[in-house]
>>> print(open('upload.cif').read())   # mmCIF, C-alpha atoms and all ligand atoms
data_work
#
loop_
_atom_site.label_atom_id
_atom_site.label_comp_id
_atom_site.auth_asym_id
_atom_site.auth_seq_id
_atom_site.Cartn_x
_atom_site.Cartn_y
_atom_site.Cartn_z
CA ALA F 103 -7.85 26.72 -1.30
CA ASP F 104 -10.17 24.89 1.13
CA ASN F 105 -11.54 22.59 -1.56
CA VAL F 106 -8.17 20.87 -2.16
CA GLN F 107 -8.36 17.34 -0.74
CA PHE F 108 -5.33 16.74 1.52
CA PHE F 109 -2.94 13.92 0.59
CA GLU F 110 -0.13 12.67 2.85
CA GLY F 111 2.89 12.30 0.57
CA VAL F 112 5.22 11.23 3.40
CA GLU F 113 6.00 7.53 2.96
CA LYS F 114 6.49 4.65 5.33
CA LEU F 115 9.62 2.86 4.13
CA LEU F 116 10.22 -0.78 4.97
CA GLU F 117 13.38 -2.57 3.85
CA LEU F 118 13.85 -6.21 4.81
CA TRP F 119 16.83 -8.48 4.15
CA PHE F 120 16.09 -12.21 4.43
CA ILE F 121 18.48 -15.05 5.18
CA SER F 122 18.42 -18.78 5.66
CA SER F 123 19.54 -20.34 8.93
CA LYS F 124 21.33 -22.97 6.77
CA GLY F 125 23.50 -20.22 5.22
CA LEU F 126 23.14 -18.43 1.92
CA LYS F 127 25.73 -20.26 -0.19
CA GLN F 128 23.57 -23.28 -1.09
CA HIS F 129 20.27 -21.47 -0.69
CA GLN F 130 18.18 -21.54 -3.86
CA GLY F 131 15.37 -19.35 -2.51
CA ASP F 132 14.52 -16.03 -4.13
CA LEU F 133 11.80 -13.53 -3.16
CA ARG F 134 10.86 -13.32 -6.85
CA GLN F 135 9.48 -16.90 -6.57
CA ILE F 136 6.49 -15.45 -4.71
CA PRO F 137 3.58 -15.40 -7.21
CA ARG F 138 2.16 -12.04 -8.31
CA GLN F 139 -1.29 -12.91 -6.95
CA LYS F 140 0.27 -13.42 -3.46
CA TRP F 141 1.86 -9.95 -3.64
CA GLU F 142 -1.50 -8.53 -4.71
CA SER F 143 -3.25 -10.08 -1.68
CA LEU F 144 -0.52 -8.80 0.62
CA LEU F 145 -0.80 -5.30 -0.82
CA LYS F 146 -4.56 -5.36 -0.15
CA ILE F 147 -3.68 -5.49 3.56
CA VAL F 148 -1.44 -2.46 3.00
CA ARG F 149 -4.33 -0.68 1.18
CA CYS F 150 -2.64 -0.18 -2.18
CA GLU F 151 -2.26 -1.99 -5.49
CA ILE F 152 0.15 -2.58 -8.36
CA ILE F 153 -0.25 -0.14 -11.27
CA SER F 154 2.92 -0.81 -13.27
CA PHE F 155 5.78 -3.31 -13.39
CA CYS F 156 9.22 -3.63 -14.93
CA ARG F 157 12.11 -5.97 -14.25
CA ASN F 158 15.63 -6.98 -15.14
CA ASP F 159 17.81 -9.93 -14.07
CA GLN F 160 18.49 -8.38 -10.67
CA VAL F 161 15.28 -6.74 -9.51
CA ASP F 162 11.49 -6.64 -9.98
CA ALA F 163 10.18 -3.06 -9.68
CA TYR F 164 6.52 -2.30 -9.04
CA VAL F 165 4.90 1.13 -9.20
CA LEU F 166 2.04 1.08 -6.69
CA SER F 167 -1.07 3.21 -6.39
CA GLU F 168 0.72 4.59 -3.31
CA SER F 169 4.47 4.56 -4.20
CA SER F 170 6.73 1.54 -4.93
CA MET F 171 7.94 -1.98 -4.21
CA PHE F 172 11.28 -3.53 -5.22
CA VAL F 173 11.86 -7.27 -4.96
CA SER F 174 15.26 -8.88 -5.45
CA LYS F 175 16.73 -12.21 -4.33
CA ARG F 176 16.70 -11.51 -0.62
CA ARG F 177 15.80 -7.82 -0.24
CA LEU F 178 12.30 -6.36 -0.21
CA ILE F 179 11.67 -2.62 -0.27
CA LEU F 180 8.10 -1.44 0.30
CA LYS F 181 7.57 2.31 0.23
CA THR F 182 3.99 3.51 0.65
CA CYS F 183 2.40 6.93 1.21
CA GLY F 184 -1.12 8.19 1.97
CA THR F 185 -2.92 6.25 4.70
CA THR F 186 -1.43 2.86 3.81
CA THR F 187 -0.67 0.29 6.50
CA PRO F 188 2.53 -1.58 5.54
CA LEU F 189 3.27 -2.83 9.07
CA GLN F 190 -0.08 -4.66 9.08
CA CYS F 191 1.28 -6.97 6.37
CA LEU F 192 4.51 -7.85 8.17
CA GLU F 193 3.44 -11.07 9.85
CA PRO F 194 1.74 -12.55 6.74
CA LEU F 195 4.76 -11.42 4.71
CA LEU F 196 7.22 -13.35 6.90
CA GLU F 197 5.00 -16.47 6.53
CA LEU F 198 4.74 -16.01 2.75
CA VAL F 199 8.50 -15.60 2.39
CA GLU F 200 9.24 -18.77 4.36
CA GLU F 201 6.63 -20.77 2.42
CA TYR F 202 7.83 -19.77 -1.08
CA THR F 203 11.54 -19.09 -0.62
CA GLY F 204 12.75 -21.07 2.40
CA PHE F 205 14.22 -17.90 3.94
CA ASP F 206 13.48 -18.54 7.60
CA ASP F 207 15.22 -15.57 9.21
CA VAL F 208 15.38 -11.81 8.83
CA GLU F 209 18.93 -10.47 8.65
CA ASN F 210 17.88 -6.87 9.06
CA VAL F 211 14.88 -4.57 9.07
CA PHE F 212 14.85 -0.85 8.37
CA TYR F 213 11.53 0.88 8.98
CA SER F 214 11.71 4.64 8.56
CA ARG F 215 9.63 7.69 7.84
CA LYS F 216 9.56 11.45 8.18
CA ASN F 217 6.99 12.97 10.55
CA TYR F 218 3.58 13.14 8.86
CA LYS F 219 1.92 16.45 8.08
CA LYS F 220 -1.39 15.08 9.45
CA PRO F 221 -0.78 12.10 11.80
CA GLU F 222 -4.42 12.12 12.88
CA ILE F 223 -5.64 10.72 9.54
CA GLN F 224 -3.36 7.65 9.73
CA ILE F 225 -4.70 4.17 10.48
CA SER F 226 -3.39 1.98 13.33
CA PRO F 227 -0.55 1.23 13.96
CA HIS F 228 0.67 4.23 11.97
CA GLN F 229 -0.68 7.19 13.96
CA THR F 230 2.34 7.34 16.26
CA PHE F 231 5.89 6.01 16.01
CA GLU F 232 5.46 4.41 19.45
CA GLU F 233 2.62 2.27 18.14
CA GLU F 234 4.64 1.31 15.05
CA VAL F 235 7.58 0.33 17.27
CA ALA F 236 5.33 -1.76 19.54
CA LEU F 237 4.21 -3.79 16.51
CA LEU F 238 7.78 -4.21 15.25
CA ASP F 239 8.97 -5.20 18.75
CA SER F 240 6.28 -7.89 18.87
CA LEU F 241 7.93 -9.54 15.82
CA PHE F 242 11.65 -8.83 16.38
CA SER F 243 13.62 -9.30 19.60
CA ASP F 244 16.60 -7.08 18.85
CA GLY F 245 15.14 -3.89 17.37
CA GLU F 246 15.93 -0.33 18.44
CA ALA F 247 13.99 2.86 17.71
CA TYR F 248 15.52 6.27 16.93
CA CYS F 249 14.19 9.76 16.31
CA MET F 250 16.49 12.18 14.42
CA GLY F 251 15.80 15.90 14.37
CA SER F 252 13.13 17.50 16.50
CA PRO F 253 9.73 15.83 17.03
CA GLU F 254 8.36 19.37 17.56
CA THR F 255 9.23 20.46 14.01
CA ASP F 256 10.83 18.13 11.45
CA CYS F 257 12.05 14.69 12.34
CA TRP F 258 12.85 11.32 10.84
CA TYR F 259 12.13 8.03 12.61
CA LEU F 260 14.03 4.77 12.22
CA TYR F 261 13.60 1.27 13.60
CA THR F 262 16.34 -1.24 12.84
CA LEU F 263 17.78 -4.46 14.25
CA ILE F 264 20.94 -4.19 16.31
CA ARG F 265 22.92 -7.34 15.73
CA ASP F 266 26.64 -7.70 16.34
CA LYS F 267 27.51 -8.77 12.85
CA SER F 268 25.96 -9.50 9.51
CA LEU F 269 24.69 -13.08 9.23
CA GLN F 270 26.18 -13.20 5.76
CA ASP F 271 29.95 -13.48 5.67
CA PRO F 272 31.38 -11.44 4.02
CA PRO F 273 28.50 -8.90 3.98
CA GLU F 274 27.55 -7.60 0.53
CA PRO F 275 28.14 -3.90 -0.20
CA ASP F 276 25.02 -1.83 0.46
CA GLN F 277 24.14 1.87 0.51
CA THR F 278 21.01 4.02 0.30
CA LEU F 279 20.53 7.72 -0.32
CA GLU F 280 17.15 9.28 0.45
CA ILE F 281 16.10 12.94 0.06
CA LEU F 282 12.68 13.94 1.44
CA MET F 283 11.61 17.40 0.30
CA THR F 284 8.80 19.81 1.25
CA HIS F 285 7.76 23.40 0.32
CA LEU F 286 8.70 22.83 -3.33
CA ASP F 287 8.84 25.32 -6.19
CA PRO F 288 5.24 25.65 -7.54
CA ASP F 289 6.43 26.06 -11.15
CA VAL F 290 8.33 22.76 -10.95
CA MET F 291 5.38 21.08 -9.21
CA SER F 292 2.97 22.19 -11.96
CA ILE F 293 4.83 19.85 -14.35
CA PHE F 294 3.35 16.92 -12.42
CA THR F 295 -0.27 17.83 -13.23
CA ARG F 296 -2.45 16.73 -16.15
CA ASP F 297 -3.05 20.43 -16.94
CA VAL F 298 0.59 20.87 -17.93
CA CYS F 299 1.70 17.39 -19.08
CA SER F 300 -0.35 14.83 -20.94
CA SER F 301 1.88 11.84 -20.16
CA ALA F 302 4.27 10.59 -17.52
CA ASP F 303 7.06 10.51 -20.08
CA GLU F 304 6.51 14.21 -20.87
CA ALA F 305 6.74 15.07 -17.14
CA THR F 306 9.89 12.94 -16.74
CA VAL F 307 11.68 14.74 -19.58
CA LYS F 308 10.34 18.26 -18.90
CA SER F 309 11.40 18.12 -15.25
CA GLY F 310 14.83 16.61 -15.99
CA ILE F 311 14.15 13.46 -13.92
CA ASP F 312 15.56 11.43 -16.82
CA LYS F 313 18.94 13.16 -16.32
CA LEU F 314 19.27 12.59 -12.56
CA ILE F 315 20.84 9.13 -12.98
CA PRO F 316 21.04 8.65 -16.75
CA THR F 317 21.77 4.89 -16.67
CA MET F 318 18.32 4.09 -15.27
CA ILE F 319 15.55 2.45 -17.32
CA ILE F 320 12.44 4.35 -16.23
CA ASP F 321 8.90 3.18 -15.52
CA ASP F 322 6.84 6.30 -14.75
CA PHE F 323 3.21 7.14 -13.99
CA LEU F 324 1.33 10.46 -14.02
CA PHE F 325 -1.82 10.41 -11.87
CA GLU F 326 -5.14 12.12 -12.63
CA PRO F 327 -5.51 15.09 -11.96
CA CYS F 328 -1.97 15.33 -10.53
CA GLY F 329 0.80 13.38 -8.81
CA TYR F 330 3.71 11.38 -10.20
CA SER F 331 5.65 8.20 -9.44
CA MET F 332 8.64 6.61 -11.11
CA ASN F 333 10.92 3.63 -10.63
CA GLY F 334 14.29 3.36 -12.35
CA ILE F 335 16.35 0.19 -12.54
CA SER F 336 19.76 -0.43 -14.02
CA LYS F 337 21.44 -3.62 -15.22
CA ASN F 338 23.73 -3.91 -12.21
CA GLY F 339 20.68 -4.18 -9.94
CA SER F 340 20.60 -0.63 -8.58
CA TYR F 341 17.33 1.28 -8.40
CA MET F 342 15.97 4.79 -7.99
CA THR F 343 12.45 5.92 -7.13
CA ILE F 344 10.70 9.30 -7.00
CA HIS F 345 7.20 10.15 -5.73
CA ILE F 346 5.63 13.56 -6.08
CA THR F 347 2.64 15.16 -4.36
CA PRO F 348 2.56 18.52 -6.22
CA GLU F 349 -0.31 20.45 -4.56
CA PRO F 350 1.21 23.74 -3.25
CA GLU F 351 -0.65 23.43 0.10
CA PHE F 352 1.16 20.20 0.99
CA SER F 353 3.83 19.63 -1.68
CA TYR F 354 6.17 16.72 -1.04
CA VAL F 355 8.79 14.89 -3.13
CA SER F 356 10.83 11.86 -2.17
CA PHE F 357 13.94 10.68 -3.98
CA GLU F 358 15.68 7.41 -3.15
CA CYS F 359 18.42 5.38 -4.81
CA ASN F 360 21.03 2.79 -3.96
CA VAL F 361 23.58 3.55 -6.69
CA SER F 362 27.10 2.99 -5.47
CA GLU F 363 29.10 6.25 -5.51
CA THR F 364 32.15 7.44 -3.60
CA SER F 365 30.36 10.79 -3.15
CA TYR F 366 26.64 11.64 -3.36
CA ASP F 367 27.29 15.36 -3.61
CA GLU F 368 26.60 15.54 -7.36
CA ILE F 369 23.36 13.52 -7.23
CA ILE F 370 22.09 15.57 -4.27
CA ARG F 371 22.82 18.84 -6.13
CA ARG F 372 21.04 17.57 -9.25
CA VAL F 373 17.98 16.60 -7.18
CA LEU F 374 17.93 20.03 -5.46
CA ASN F 375 18.25 21.87 -8.78
CA THR F 376 15.48 19.75 -10.29
CA PHE F 377 12.87 20.12 -7.52
CA LYS F 378 13.96 23.33 -5.71
CA PRO F 379 12.61 22.45 -2.24
CA GLY F 380 12.20 24.95 0.60
CA LYS F 381 13.23 22.27 3.11
CA PHE F 382 14.63 18.77 2.92
CA VAL F 383 16.11 15.94 4.92
CA VAL F 384 18.90 13.73 3.53
CA THR F 385 19.72 10.28 4.88
CA ILE F 386 22.69 8.17 3.79
CA PHE F 387 23.25 4.58 4.92
CA ALA F 388 26.42 2.74 3.91
CA ASN F 389 28.17 -0.37 5.15
CA LYS F 390 31.95 -0.84 5.26
CA GLN F 391 31.97 -3.00 2.13
CA SER F 392 30.33 -0.22 0.08
CA ALA F 393 32.18 2.20 -2.21
CA ALA F 394 29.98 4.79 -0.42
CA ALA F 395 31.44 3.87 2.99
CA ASN F 396 32.67 7.46 3.55
CA CYS F 397 29.46 9.16 2.34
CA PRO F 398 27.75 9.34 5.75
CA ARG F 399 30.84 11.22 7.08
CA GLU F 400 30.89 13.45 3.99
CA LEU F 401 27.26 14.44 4.62
CA GLU F 402 27.92 14.96 8.33
CA LYS F 403 30.53 17.61 7.44
CA ARG F 404 28.35 19.47 4.96
CA SER F 405 26.81 22.57 6.51
CA ASP F 406 25.19 23.98 3.34
CA TYR F 407 24.38 23.48 -0.34
CA LEU F 408 25.03 26.66 -2.30
CA ASN F 409 23.54 26.08 -5.74
CA ARG F 410 22.37 27.89 -8.86
CA SER F 411 18.75 27.35 -7.79
CA GLY F 412 19.08 28.20 -4.11
CA ASP F 413 21.13 28.25 -0.94
CA TRP F 414 20.26 25.73 1.74
CA LEU F 415 21.70 25.79 5.23
CA ARG F 416 21.86 22.83 7.58
CA THR F 417 19.58 23.16 10.58
CA ASP F 418 20.31 19.80 12.24
CA VAL F 419 22.50 16.72 11.74
CA GLN F 420 22.95 13.35 13.41
CA TYR F 421 25.49 10.64 12.73
CA CYS F 422 24.89 7.06 13.95
CA ARG F 423 27.12 4.01 13.92
CA PHE F 424 25.23 0.74 13.80
CA PRO F 425 26.96 -2.67 13.88
CA ASN F 426 26.90 -2.99 10.08
CA TYR F 427 26.03 0.47 8.78
CA ASP F 428 26.93 4.11 9.28
CA LEU F 429 24.08 6.58 8.89
CA THR F 430 23.84 10.36 8.64
CA CYS F 431 20.54 12.21 8.78
CA ALA F 432 20.78 15.94 7.97
CA PHE F 433 18.07 18.63 7.78
CA PHE F 434 18.35 21.72 5.54
CA SER F 435 16.24 24.84 4.95
CA ARG F 436 16.41 27.38 2.14
CA PHE F 437 18.27 30.50 3.16
CA PRO F 438 16.11 33.56 2.31
CA SER F 439 17.85 35.50 -0.49
N1 LIG R 1 15.93 2.63 3.97
C1 LIG R 1 16.91 1.93 4.70
C2 LIG R 1 18.14 1.70 3.91
C3 LIG R 1 19.08 0.80 4.63
C4 LIG R 1 20.28 0.41 3.85
N2 LIG R 1 20.01 -0.21 2.62
#
>>> encode(input="upload.cif", output="structure tokens", more="lines below")
Ligand code: PUT
Amino acid sequence: ADNVQFFEGVEKLLELWFISSKGLKQHQGDLRQIPRQKWESLLKIVRCEIISFCRNDQVDAYVLSESSMFVSKRRLILKTCGTTTPLQCLEPLLELVEEYTGFDDVENVFYSRKNYKKPEIQISPHQTFEEEVALLDSLFSDGEAYCMGSPETDCWYLYTLIRDKSLQDPPEPDQTLEILMTHLDPDVMSIFTRDVCSSADEATVKSGIDKLIPTMIIDDFLFEPCGYSMNGISKNGSYMTIHITPEPEFSYVSFECNVSETSYDEIIRRVLNTFKPGKFVVTIFANKQSAAANCPRELEKRSDYLNRSGDWLRTDVQYCRFPNYDLTCAFFSRFPS
């Protein structure tokens, strides 16, 4: 209907790893030393705010009015949707980090996003990837920009630093799985409305989100009149996060986690059976130290997902080898039955 106010669910995802030029071994700094009020001021620049918080010994997890933020010793993940402006906060963020933690260098940056549904409503520098890259290039000397898929239809953009080796020796294991879904099943999406569920917890259980990675402690939020966000954290420091824009005209769901698995096949199938998307893009990053080191290759070889809730065929795939990570980005569409 024409009276439905459009919302851009597609997130901008920024992941930064900090390091000290004096080496990490003796370094006492920790991003969690940055006071809450400083994060709040920074998030004002991004045009969002904190609405919920949970933590464990390894990671602080914030649910934001527009998605999520995870803060651990030297890694920051800021994922924001709508018309937020995360790259506007980058310069003040680097200053804040140095002031409170002593980290004086960035080991790596990953800035990524899917193509927006409505780029014209975004605020500078986020209207085009070229403008985003120009800002990132003004702060980092060794960044490269990539576009996977087709800019004419569905694509996924990435900016990352290309350095010969990790500054930390040996590098710590790291991996990330992301699934970005559109054209979702309207019956599933209705769960994430106040008409159908009266609490976030009800939506989490009814949809089966609580079963996707059962070891996660969940902090969830159901928006008024609709929309849903959750963060999950587990004792070993891994996280998951899901954000849902349920309106049928522009439905969008993102799933992300960094659990260490030798195969992501099972988690991907669970996510597909839970949300039943019409289309989705999967990205897997893994470094050589990770138990998931072979997962980017595994995804590269997968040409379909044939499941109880649908058959999806691959429409495009790209495999990239970076100095410290392998990455696969694969696009799938539901096969008409
Ligand atoms: N979103 C980027 C993930 C990179 C590896 N942790």
>>> residues_around(input="upload.cif", residues="F:Ser435", least_positions_apart="2", cutoff="8 Å", atoms="all atoms listed in the file", output="PyMOL selection string")
chain F and resi 380-382+414-417+433+437
>>> residues_around(input="upload.cif", residues="F:Glu304", least_positions_apart="4", cutoff="12 Å", atoms="all atoms listed in the file", output="ChimeraX atom specification")
/F:293-296,298-300,308-312,322-324,330
>>> residues_near_ligand(input="upload.cif", ligand="ligand LIG 1 (chain R)", cutoff="6 Å", atoms="all atoms listed in the file", output="list in words")
Glu117, Phe212, Asp276, Gln277, Thr278 and Phe387 of chain F
>>> residues_around(input="upload.cif", residues="F:Phe205", least_positions_apart="2", cutoff="8 Å", atoms="only C-alpha atoms", output="CSV table (one decimal) with C-alpha atoms, in the coordinates of the input")
chain,number,residue,atom,x,y,z
F,120,PHE,CA,16.1,-12.2,4.4
F,121,ILE,CA,18.5,-15.0,5.2
F,122,SER,CA,18.4,-18.8,5.7
F,123,SER,CA,19.5,-20.3,8.9
F,131,GLY,CA,15.4,-19.4,-2.5
F,199,VAL,CA,8.5,-15.6,2.4
F,200,GLU,CA,9.2,-18.8,4.4
F,203,THR,CA,11.5,-19.1,-0.6
F,207,ASP,CA,15.2,-15.6,9.2
F,208,VAL,CA,15.4,-11.8,8.8
>>> closest_residue(input="upload.cif", among="F:Ala302, F:Thr182, F:Cys191, F:Asn409", to="F:Trp141", atoms="only C-alpha atoms")
F:Cys191
>>> residues_around(input="upload.cif", residues="F:Val112", least_positions_apart="2", cutoff="8 Å", atoms="only C-alpha atoms", output="ChimeraX atom specification")
/F:110,114,183-184,215-219,354,356
